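A.B. asks: For reference, the structure I am asking about is given below.
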Number of protein chains: 2
Amino acid sequence: MASGEETFQAYLRRQGLKTTRQRTAIAREFLSSHRHITAEGLHRSVSRKNPAIGLVTVYRTLKLLAQAGVAKERRFGANESCYEPAAAGGHHDHMICKICGKIFEFENVKIEGLQDRVAAEHGFLIQDHKLELYGVCRGCRKVKPGARRRK
Amino acid sequence: MASGEETFQAYLRRQGLKTTRQRTAIAREFLSSHRHITAEGLHRSVSRKNPAIGLVTVYRTLKLLAQAGVAKERRFGANESCYEPAAAGGHHDHMICKICGKIFEFENVKIEGLQDRVAAEHGFLIQDHKLELYGVCRGCRKVKPGARRRK
DNA sequence: ATTATTATTGAAAACGATTTTCATGTTCTT
DNA sequence: AAGAACATGAAAATCGTTTTCAATAATAAT
């Protein structure tokens, strides 16, 4: 089975695009990154080892990674997009804590099954889906007052 | 039971805000509008009868309507936010056709139940949720080729 | 009613995230 | 090595949305 990096290279070749220093660096950093990284965040990481790489190129490469199926773009309530490596495990959904901003992942086969059924009833062909639960996480439920805000 | 307009008025009064010509006009147009209207779209509608009202005021009023609980803000894959009247019926979810851009609504109590269960397992308190199915609608499935794109 | 107070408005400017433009640099093919 | 095609970074452009600010309108106090 192909690693994310290989899949990406293959995609580039297939599209007649070029494998460059910066694309390789960005892809590698992205794939070894934690989940839900932002373009700006990824740029910060990449810059550590490779200060010459511009934010613009990170944006462009993230888009390519998404097209290659290696990255998934997510847009939670906020203004900016997050990307996550698509490889690991199957599909999963998210719980977002409105207090601390943390994002929790979960997976539920039964829900997916029901989605399929609903879609079928409407003659709708599902290609992708997004389920997000917004609320308060366990940790933050214990802290009563005005509480901390993220960032 | 209070109409959306009444709820909005009440909210304004409660907050020490003022009832103005433009707020009334915008709220009325919004409430009588079709679902999933965009700030720009609403402005276009309002402008028809009231050309002097600025887009800025529409943005501001939509925010107030949301705070009053009369409007719900949604952000589907795209770049711009949609608003929909919150009043009619309970919560519902969306199927978005990637070909024609149409948005279909559905409701499924079983899914909501499962969501609650998952959340409970994680000690998470759900305040809101969002379920979106992306794919191809019945109509577009019949049209094979490159097909039409929205807008 | 009139005035005083405070909120609201529209236009233009500011904003943040993302994209495009463009001149220059790099990769890949032969 | 040479040429063609693509990629890069910086700055400028875009898009949706928010803020600023001077002028105006709504409500409260007189």
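Letters A, B, ... go to the chains of the structure tokens in the order shown; residues in each chain start at 1; ligands are counted from 1 in the same order.
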Please report as CSV every residue of chain B lying within 10 Å of chain C, along with the nearest atom pair and their distance in Å (one decimal), using only C-alpha atoms (C1' of nucleotides).

C.D. replies:
```
residue,atom,partner,partner_atom,distance
B:Gly16,CA,C:DA7,C1',8.8
B:Leu17,CA,C:DA7,C1',6.8
B:Lys18,CA,C:DA7,C1',6.7
B:Thr19,CA,C:DT8,C1',9.6
B:Thr20,CA,C:DT8,C1',8.0
B:Gln22,CA,C:DT9,C1',9.1
B:Arg23,CA,C:DT8,C1',9.8
B:Ala52,CA,C:DG10,C1',8.6
B:Ile53,CA,C:DG10,C1',7.9
B:Gly54,CA,C:DG10,C1',6.2
B:Leu55,CA,C:DG10,C1',8.9
B:Val56,CA,C:DG10,C1',7.8
B:Thr57,CA,C:DT9,C1',7.5
```

A.B. asks: For those residues, write C-alpha atoms to a file as a PDB file, in the first residue's frame.

C.D. replies:
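Saved result, again_32.pdb, follows:
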```
ATOM      1  CA  GLY B  16     -31.962  48.550  24.381  1.00  0.00           C
ATOM      2  CA  LEU B  17     -31.615  48.639  20.613  1.00  0.00           C
ATOM      3  CA  LYS B  18     -33.785  50.592  18.281  1.00  0.00           C
ATOM      4  CA  THR B  19     -36.436  49.578  15.839  1.00  0.00           C
ATOM      5  CA  THR B  20     -35.655  51.244  12.565  1.00  0.00           C
ATOM      6  CA  GLN B  22     -34.331  49.364   7.664  1.00  0.00           C
ATOM      7  CA  ARG B  23     -34.266  46.708  10.356  1.00  0.00           C
ATOM      8  CA  ALA B  52     -31.296  53.115  -0.068  1.00  0.00           C
ATOM      9  CA  ILE B  53     -30.522  50.284   2.334  1.00  0.00           C
ATOM     10  CA  GLY B  54     -26.877  49.305   2.261  1.00  0.00           C
ATOM     11  CA  LEU B  55     -25.339  45.865   2.229  1.00  0.00           C
ATOM     12  CA  VAL B  56     -23.580  46.714   5.465  1.00  0.00           C
ATOM     13  CA  THR B  57     -26.860  47.135   7.255  1.00  0.00           C
TER      14      THR B  57
END
```

A.B. asks: Write out as a CSV table (one decimal) with C-alpha atoms, in the first residue's frame the residues lying within 8 Å of range 90-98 of chain A, counting only C-alpha atoms (C1' of nucleotides) and excluding same-chain residues fewer than 2 positions away.

C.D. replies:
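Printed below is part-v2.csv as written:
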```csv
chain,number,residue,atom,x,y,z
A,87,ALA,CA,-4.8,8.3,4.9
A,88,ALA,CA,-5.0,7.1,8.5
A,100,CYS,CA,-11.5,25.4,24.6
A,101,GLY,CA,-11.6,24.9,20.8
A,102,LYS,CA,-10.4,21.3,21.0
A,103,ILE,CA,-11.4,19.0,18.3
A,104,PHE,CA,-12.3,15.4,19.1
A,105,GLU,CA,-12.8,12.7,16.5
A,106,PHE,CA,-15.2,9.8,16.5
A,107,GLU,CA,-16.5,7.2,14.2
A,108,ASN,CA,-20.0,5.7,14.2
A,130,LYS,CA,-19.6,16.0,7.3
A,131,LEU,CA,-21.0,15.6,10.8
A,132,GLU,CA,-19.9,18.1,13.4
A,133,LEU,CA,-21.1,18.2,17.0
A,134,TYR,CA,-20.6,21.6,18.7
A,135,GLY,CA,-20.8,21.9,22.4
A,136,VAL,CA,-18.8,21.6,25.6
A,137,CYS,CA,-16.2,18.9,26.2
```

A.B. asks: I'd like the interatomic distance between CA of Cys140 in chain B and CA of His36 in chain B, to a tenth of an Å.

C.D. replies: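 Between CA of Cys140 in chain B and CA of His36 in chain B the gap works out to 20.4 Å.
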
A.B. asks: Give as a PyMOL selection string every residue of chain D that touches chain B within 8 Å, counting only C-alpha atoms (C1' of nucleotides).

C.D. replies: chain D and resi 16+26-27

A.B. asks: Any chance you could fit chain A onto chain B with least squares, all Cα atoms in order, and share the moved copy as a CSV table (one decimal) with C-alpha atoms, in the first residue's frame?

C.D. replies:
```csv
chain,number,residue,atom,x,y,z
A,1,MET,CA,-46.6,31.8,19.9
A,2,ALA,CA,-44.5,34.7,18.8
A,3,SER,CA,-43.8,35.3,15.1
A,4,GLY,CA,-40.2,35.8,14.0
A,5,GLU,CA,-40.8,39.5,13.7
A,6,GLU,CA,-42.1,39.7,17.2
A,7,THR,CA,-39.2,37.7,18.6
A,8,PHE,CA,-36.8,40.0,16.9
A,9,GLN,CA,-38.5,43.2,18.2
A,10,ALA,CA,-38.5,41.7,21.7
A,11,TYR,CA,-34.8,41.0,21.4
A,12,LEU,CA,-34.0,44.5,20.3
A,13,ARG,CA,-36.0,46.0,23.1
A,14,ARG,CA,-34.4,43.7,25.6
A,15,GLN,CA,-30.9,44.7,24.4
A,16,GLY,CA,-31.7,48.4,24.4
A,17,LEU,CA,-31.4,48.5,20.7
A,18,LYS,CA,-33.6,50.4,18.4
A,19,THR,CA,-36.3,49.5,16.0
A,20,THR,CA,-35.6,51.2,12.7
A,21,ARG,CA,-37.2,51.3,9.3
A,22,GLN,CA,-34.3,49.3,7.8
A,23,ARG,CA,-34.2,46.6,10.4
A,24,THR,CA,-37.9,46.1,10.1
A,25,ALA,CA,-37.7,45.9,6.3
A,26,ILE,CA,-34.8,43.6,6.3
A,27,ALA,CA,-36.3,41.3,9.0
A,28,ARG,CA,-39.6,41.1,7.1
A,29,GLU,CA,-38.0,40.4,3.8
A,30,PHE,CA,-35.8,37.7,5.4
A,31,LEU,CA,-38.6,36.0,7.1
A,32,SER,CA,-40.7,35.9,4.0
A,33,SER,CA,-37.7,34.7,1.9
A,34,HIS,CA,-36.9,31.3,0.7
A,35,ARG,CA,-34.6,29.2,2.6
A,36,HIS,CA,-30.8,29.6,2.5
A,37,ILE,CA,-30.4,33.2,1.5
A,38,THR,CA,-27.1,34.9,1.3
A,39,ALA,CA,-26.4,38.4,2.6
A,40,GLU,CA,-26.0,39.7,-0.9
A,41,GLY,CA,-29.1,37.9,-2.0
A,42,LEU,CA,-31.2,39.4,0.8
A,43,HIS,CA,-29.8,42.8,0.0
A,44,ARG,CA,-30.9,42.4,-3.6
A,45,SER,CA,-34.4,41.6,-2.4
A,46,VAL,CA,-34.6,44.3,0.1
A,47,SER,CA,-33.3,46.9,-2.4
A,48,ARG,CA,-36.2,46.3,-4.7
A,49,LYS,CA,-38.6,48.1,-2.4
A,50,ASN,CA,-36.0,50.0,-0.5
A,51,PRO,CA,-33.0,51.0,-2.6
A,52,ALA,CA,-31.5,53.1,0.0
A,53,ILE,CA,-30.6,50.3,2.4
A,54,GLY,CA,-27.0,49.3,2.2
A,55,LEU,CA,-25.4,45.9,2.2
A,56,VAL,CA,-23.6,46.7,5.4
A,57,THR,CA,-26.9,47.1,7.2
A,58,VAL,CA,-28.1,43.8,5.9
A,59,TYR,CA,-25.0,42.1,7.3
A,60,ARG,CA,-25.5,43.8,10.6
A,61,THR,CA,-29.2,42.9,10.8
A,62,LEU,CA,-28.6,39.3,9.8
A,63,LYS,CA,-26.2,39.1,12.7
A,64,LEU,CA,-28.8,40.5,15.0
A,65,LEU,CA,-31.4,38.1,13.7
A,66,ALA,CA,-29.1,35.3,14.4
A,67,GLN,CA,-28.5,36.5,17.9
A,68,ALA,CA,-32.2,36.8,18.4
A,69,GLY,CA,-32.5,33.2,17.4
A,70,VAL,CA,-34.6,34.0,14.4
A,71,ALA,CA,-32.0,33.2,11.8
A,72,LYS,CA,-29.5,30.4,11.6
A,73,GLU,CA,-26.2,30.9,9.9
A,74,ARG,CA,-25.0,28.1,7.7
A,75,ARG,CA,-21.8,27.7,5.8
A,76,PHE,CA,-21.7,25.0,3.3
A,77,GLY,CA,-18.6,24.2,1.3
A,78,ALA,CA,-18.6,27.5,-0.4
A,79,ASN,CA,-17.0,30.8,0.6
A,80,GLU,CA,-20.1,32.7,1.6
A,81,SER,CA,-22.6,32.2,4.5
A,82,CYS,CA,-26.2,31.4,4.0
A,83,TYR,CA,-28.9,32.3,6.5
A,84,GLU,CA,-32.2,30.5,7.0
A,85,PRO,CA,-35.2,31.3,9.1
A,86,ALA,CA,-34.9,29.3,12.3
A,87,ALA,CA,-38.6,29.3,13.1
A,88,ALA,CA,-40.3,26.8,10.8
A,89,GLY,CA,-40.2,23.2,12.1
A,90,GLY,CA,-37.5,21.7,14.2
A,91,HIS,CA,-33.9,21.1,13.3
A,92,HIS,CA,-33.1,19.7,9.9
A,93,ASP,CA,-30.0,18.7,8.0
A,94,HIS,CA,-28.9,19.2,4.4
A,95,MET,CA,-27.9,17.3,1.3
A,96,ILE,CA,-26.0,19.5,-1.1
A,97,CYS,CA,-25.7,18.5,-4.8
A,98,LYS,CA,-22.2,19.2,-6.1
A,99,ILE,CA,-23.4,19.3,-9.7
A,100,CYS,CA,-26.3,21.7,-9.6
A,101,GLY,CA,-25.7,23.3,-6.2
A,102,LYS,CA,-29.3,22.6,-5.0
A,103,ILE,CA,-29.8,22.1,-1.3
A,104,PHE,CA,-32.2,19.5,0.0
A,105,GLU,CA,-33.4,19.3,3.6
A,106,PHE,CA,-34.1,16.3,5.6
A,107,GLU,CA,-34.8,15.3,9.2
A,108,ASN,CA,-33.9,12.1,10.9
A,109,VAL,CA,-34.7,11.5,14.5
A,110,LYS,CA,-32.7,8.3,14.7
A,111,ILE,CA,-29.5,10.0,13.7
A,112,GLU,CA,-30.1,12.7,16.3
A,113,GLY,CA,-30.6,10.0,18.9
A,114,LEU,CA,-27.3,8.4,18.0
A,115,GLN,CA,-25.5,11.7,18.1
A,116,ASP,CA,-26.8,12.2,21.7
A,117,ARG,CA,-25.5,8.8,22.6
A,118,VAL,CA,-22.1,9.4,21.1
A,119,ALA,CA,-21.8,12.7,22.8
A,120,ALA,CA,-22.9,11.3,26.2
A,121,GLU,CA,-20.2,8.6,25.9
A,122,HIS,CA,-17.6,11.4,25.7
A,123,GLY,CA,-19.1,13.6,28.4
A,124,PHE,CA,-19.8,16.1,25.7
A,125,LEU,CA,-22.8,18.5,25.9
A,126,ILE,CA,-24.3,19.1,22.5
A,127,GLN,CA,-25.6,22.6,21.9
A,128,ASP,CA,-25.9,22.4,18.1
A,129,HIS,CA,-25.0,20.2,15.3
A,130,LYS,CA,-24.5,20.2,11.6
A,131,LEU,CA,-24.9,17.2,9.3
A,132,GLU,CA,-24.2,17.7,5.6
A,133,LEU,CA,-24.2,15.1,2.9
A,134,TYR,CA,-22.4,16.1,-0.3
A,135,GLY,CA,-23.0,14.3,-3.5
A,136,VAL,CA,-25.2,14.1,-6.6
A,137,CYS,CA,-29.0,14.6,-6.5
A,138,ARG,CA,-31.5,12.5,-8.3
A,139,GLY,CA,-32.0,14.9,-11.1
A,140,CYS,CA,-28.3,15.3,-11.8
A,141,ARG,CA,-27.7,11.5,-11.7
A,142,LYS,CA,-29.8,11.2,-14.9
A,143,VAL,CA,-27.7,13.7,-16.8
A,144,LYS,CA,-24.5,11.8,-17.6
A,145,PRO,CA,-21.9,14.1,-19.3
A,146,GLY,CA,-19.9,17.0,-18.0
A,147,ALA,CA,-23.2,18.5,-17.0
A,148,ARG,CA,-24.1,22.0,-16.0
A,149,ARG,CA,-22.4,23.9,-13.2
A,150,ARG,CA,-24.3,26.2,-11.0
A,151,LYS,CA,-24.4,30.0,-11.3
```

A.B. asks: Identify all residues of chain A in strand (DSSP E) (DSSP on the backbone) and supply them as a PyMOL selection string.

C.D. replies: chain A and resi 37-38+71-74+82-85+93-97+103-106+125-136

A.B. asks: Could you please take those selected residues and save C-alpha atoms as a PDB file, in the first residue's frame?

C.D. replies:
```
ATOM      1  CA  ILE A  37      -3.419  21.842  10.663  1.00  0.00           C
ATOM      2  CA  THR A  38      -4.015  25.228   9.192  1.00  0.00           C
ATOM      3  CA  ALA A  71      -5.363  15.720   2.410  1.00  0.00           C
ATOM      4  CA  LYS A  72      -8.895  16.500   3.456  1.00  0.00           C
ATOM      5  CA  GLU A  73     -10.027  20.078   3.758  1.00  0.00           C
ATOM      6  CA  ARG A  74     -12.252  20.880   6.694  1.00  0.00           C
ATOM      7  CA  CYS A  82      -8.010  23.100   8.414  1.00  0.00           C
ATOM      8  CA  TYR A  83      -6.411  20.248   6.551  1.00  0.00           C
ATOM      9  CA  GLU A  84      -5.918  16.739   7.820  1.00  0.00           C
ATOM     10  CA  PRO A  85      -4.091  13.728   6.416  1.00  0.00           C
ATOM     11  CA  ASP A  93     -16.463  12.899  12.324  1.00  0.00           C
ATOM     12  CA  HIS A  94     -15.790  15.675  14.773  1.00  0.00           C
ATOM     13  CA  MET A  95     -16.873  17.126  18.066  1.00  0.00           C
ATOM     14  CA  ILE A  96     -15.756  20.698  18.560  1.00  0.00           C
ATOM     15  CA  CYS A  97     -15.638  22.255  21.998  1.00  0.00           C
ATOM     16  CA  ILE A 103     -11.438  18.974  18.315  1.00  0.00           C
ATOM     17  CA  PHE A 104     -12.316  15.361  19.101  1.00  0.00           C
ATOM     18  CA  GLU A 105     -12.770  12.675  16.499  1.00  0.00           C
ATOM     19  CA  PHE A 106     -15.184   9.817  16.512  1.00  0.00           C
ATOM     20  CA  LEU A 125     -25.846   9.689  -4.231  1.00  0.00           C
ATOM     21  CA  ILE A 126     -23.519  10.449  -1.314  1.00  0.00           C
ATOM     22  CA  GLN A 127     -19.949  11.242  -2.219  1.00  0.00           C
ATOM     23  CA  ASP A 128     -18.857  12.751   1.035  1.00  0.00           C
ATOM     24  CA  HIS A 129     -20.315  13.880   4.290  1.00  0.00           C
ATOM     25  CA  LYS A 130     -19.629  16.018   7.256  1.00  0.00           C
ATOM     26  CA  LEU A 131     -20.956  15.602  10.755  1.00  0.00           C
ATOM     27  CA  GLU A 132     -19.945  18.060  13.404  1.00  0.00           C
ATOM     28  CA  LEU A 133     -21.150  18.246  16.972  1.00  0.00           C
ATOM     29  CA  TYR A 134     -20.625  21.574  18.695  1.00  0.00           C
ATOM     30  CA  GLY A 135     -20.768  21.892  22.435  1.00  0.00           C
ATOM     31  CA  VAL A 136     -18.753  21.565  25.608  1.00  0.00           C
TER      32      VAL A 136
END
```

A.B. asks: Using DSSP on the backbone coordinates, identify the residues of chain A assigned to helix (DSSP H, G or I); present them as a ChimeraX atom specification.

C.D. replies: /A:4-14,21-31,39-49,55-67,109-121,138-142

A.B. asks: Give me a file of those residues, with C-alpha atoms, as a short mmCIF file (atom, residue, chain, number, x, y, z; two decimals), in the first residue's frame.

C.D. replies:
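The resulting file, result-v9.cif, is reproduced below:
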```
data_model
loop_
_atom_site.label_atom_id
_atom_site.label_comp_id
_atom_site.auth_asym_id
_atom_site.auth_seq_id
_atom_site.Cartn_x
_atom_site.Cartn_y
_atom_site.Cartn_z
CA GLY A 4 0.88 9.43 1.39
CA GLU A 5 4.07 10.73 -0.05
CA GLU A 6 4.09 8.14 -2.81
CA THR A 7 0.49 8.81 -3.66
CA PHE A 8 1.28 12.47 -3.94
CA GLN A 9 4.29 11.90 -6.19
CA ALA A 10 2.24 9.62 -8.39
CA TYR A 11 -0.45 12.25 -8.65
CA LEU A 12 2.04 14.90 -9.68
CA ARG A 13 3.54 12.68 -12.33
CA ARG A 14 0.15 11.70 -13.64
CA ARG A 21 12.11 20.68 -3.17
CA GLN A 22 9.35 22.72 -1.61
CA ARG A 23 6.51 20.37 -2.55
CA THR A 24 8.38 17.47 -1.07
CA ALA A 25 9.19 19.37 2.09
CA ILE A 26 5.64 20.61 2.54
CA ALA A 27 4.08 17.21 1.88
CA ARG A 28 6.45 15.50 4.29
CA GLU A 29 5.83 18.02 7.02
CA PHE A 30 2.09 17.83 6.45
CA LEU A 31 1.99 14.06 6.62
CA ALA A 39 -2.21 26.61 6.14
CA GLU A 40 -0.52 29.17 8.32
CA GLY A 41 0.36 26.57 10.92
CA LEU A 42 1.87 24.27 8.36
CA HIS A 43 3.84 27.15 6.94
CA ARG A 44 5.23 27.87 10.38
CA SER A 45 6.35 24.24 10.76
CA VAL A 46 7.87 24.09 7.32
CA SER A 47 9.65 27.37 7.81
CA ARG A 48 11.58 26.00 10.73
CA LYS A 49 13.71 23.81 8.50
CA LEU A 55 3.03 30.77 2.56
CA VAL A 56 1.70 30.97 -0.98
CA THR A 57 3.40 27.76 -1.91
CA VAL A 58 1.99 26.06 1.15
CA TYR A 59 -1.50 27.06 0.05
CA ARG A 60 -0.84 25.77 -3.43
CA THR A 61 0.61 22.51 -2.23
CA LEU A 62 -2.21 21.88 0.22
CA LYS A 63 -4.61 22.24 -2.65
CA LEU A 64 -2.62 19.70 -4.65
CA LEU A 65 -2.51 17.33 -1.71
CA ALA A 66 -6.25 17.57 -1.47
CA GLN A 67 -6.64 16.88 -5.16
CA VAL A 109 -20.92 3.08 11.65
CA LYS A 110 -24.58 3.13 12.55
CA ILE A 111 -24.88 6.82 11.80
CA GLU A 112 -23.25 6.29 8.43
CA GLY A 113 -25.68 3.53 7.71
CA LEU A 114 -28.63 5.76 8.47
CA GLN A 115 -27.18 8.46 6.28
CA ASP A 116 -27.03 6.05 3.39
CA ARG A 117 -30.62 5.09 3.97
CA VAL A 118 -31.83 8.68 4.08
CA ALA A 119 -29.89 9.49 0.93
CA ALA A 120 -31.30 6.47 -0.84
CA GLU A 121 -34.83 7.52 0.04
CA ARG A 138 -15.74 16.86 29.34
CA GLY A 139 -12.84 18.93 30.58
CA CYS A 140 -14.58 22.25 30.14
CA ARG A 141 -17.80 21.07 31.74
CA LYS A 142 -15.96 20.85 35.03
#
```
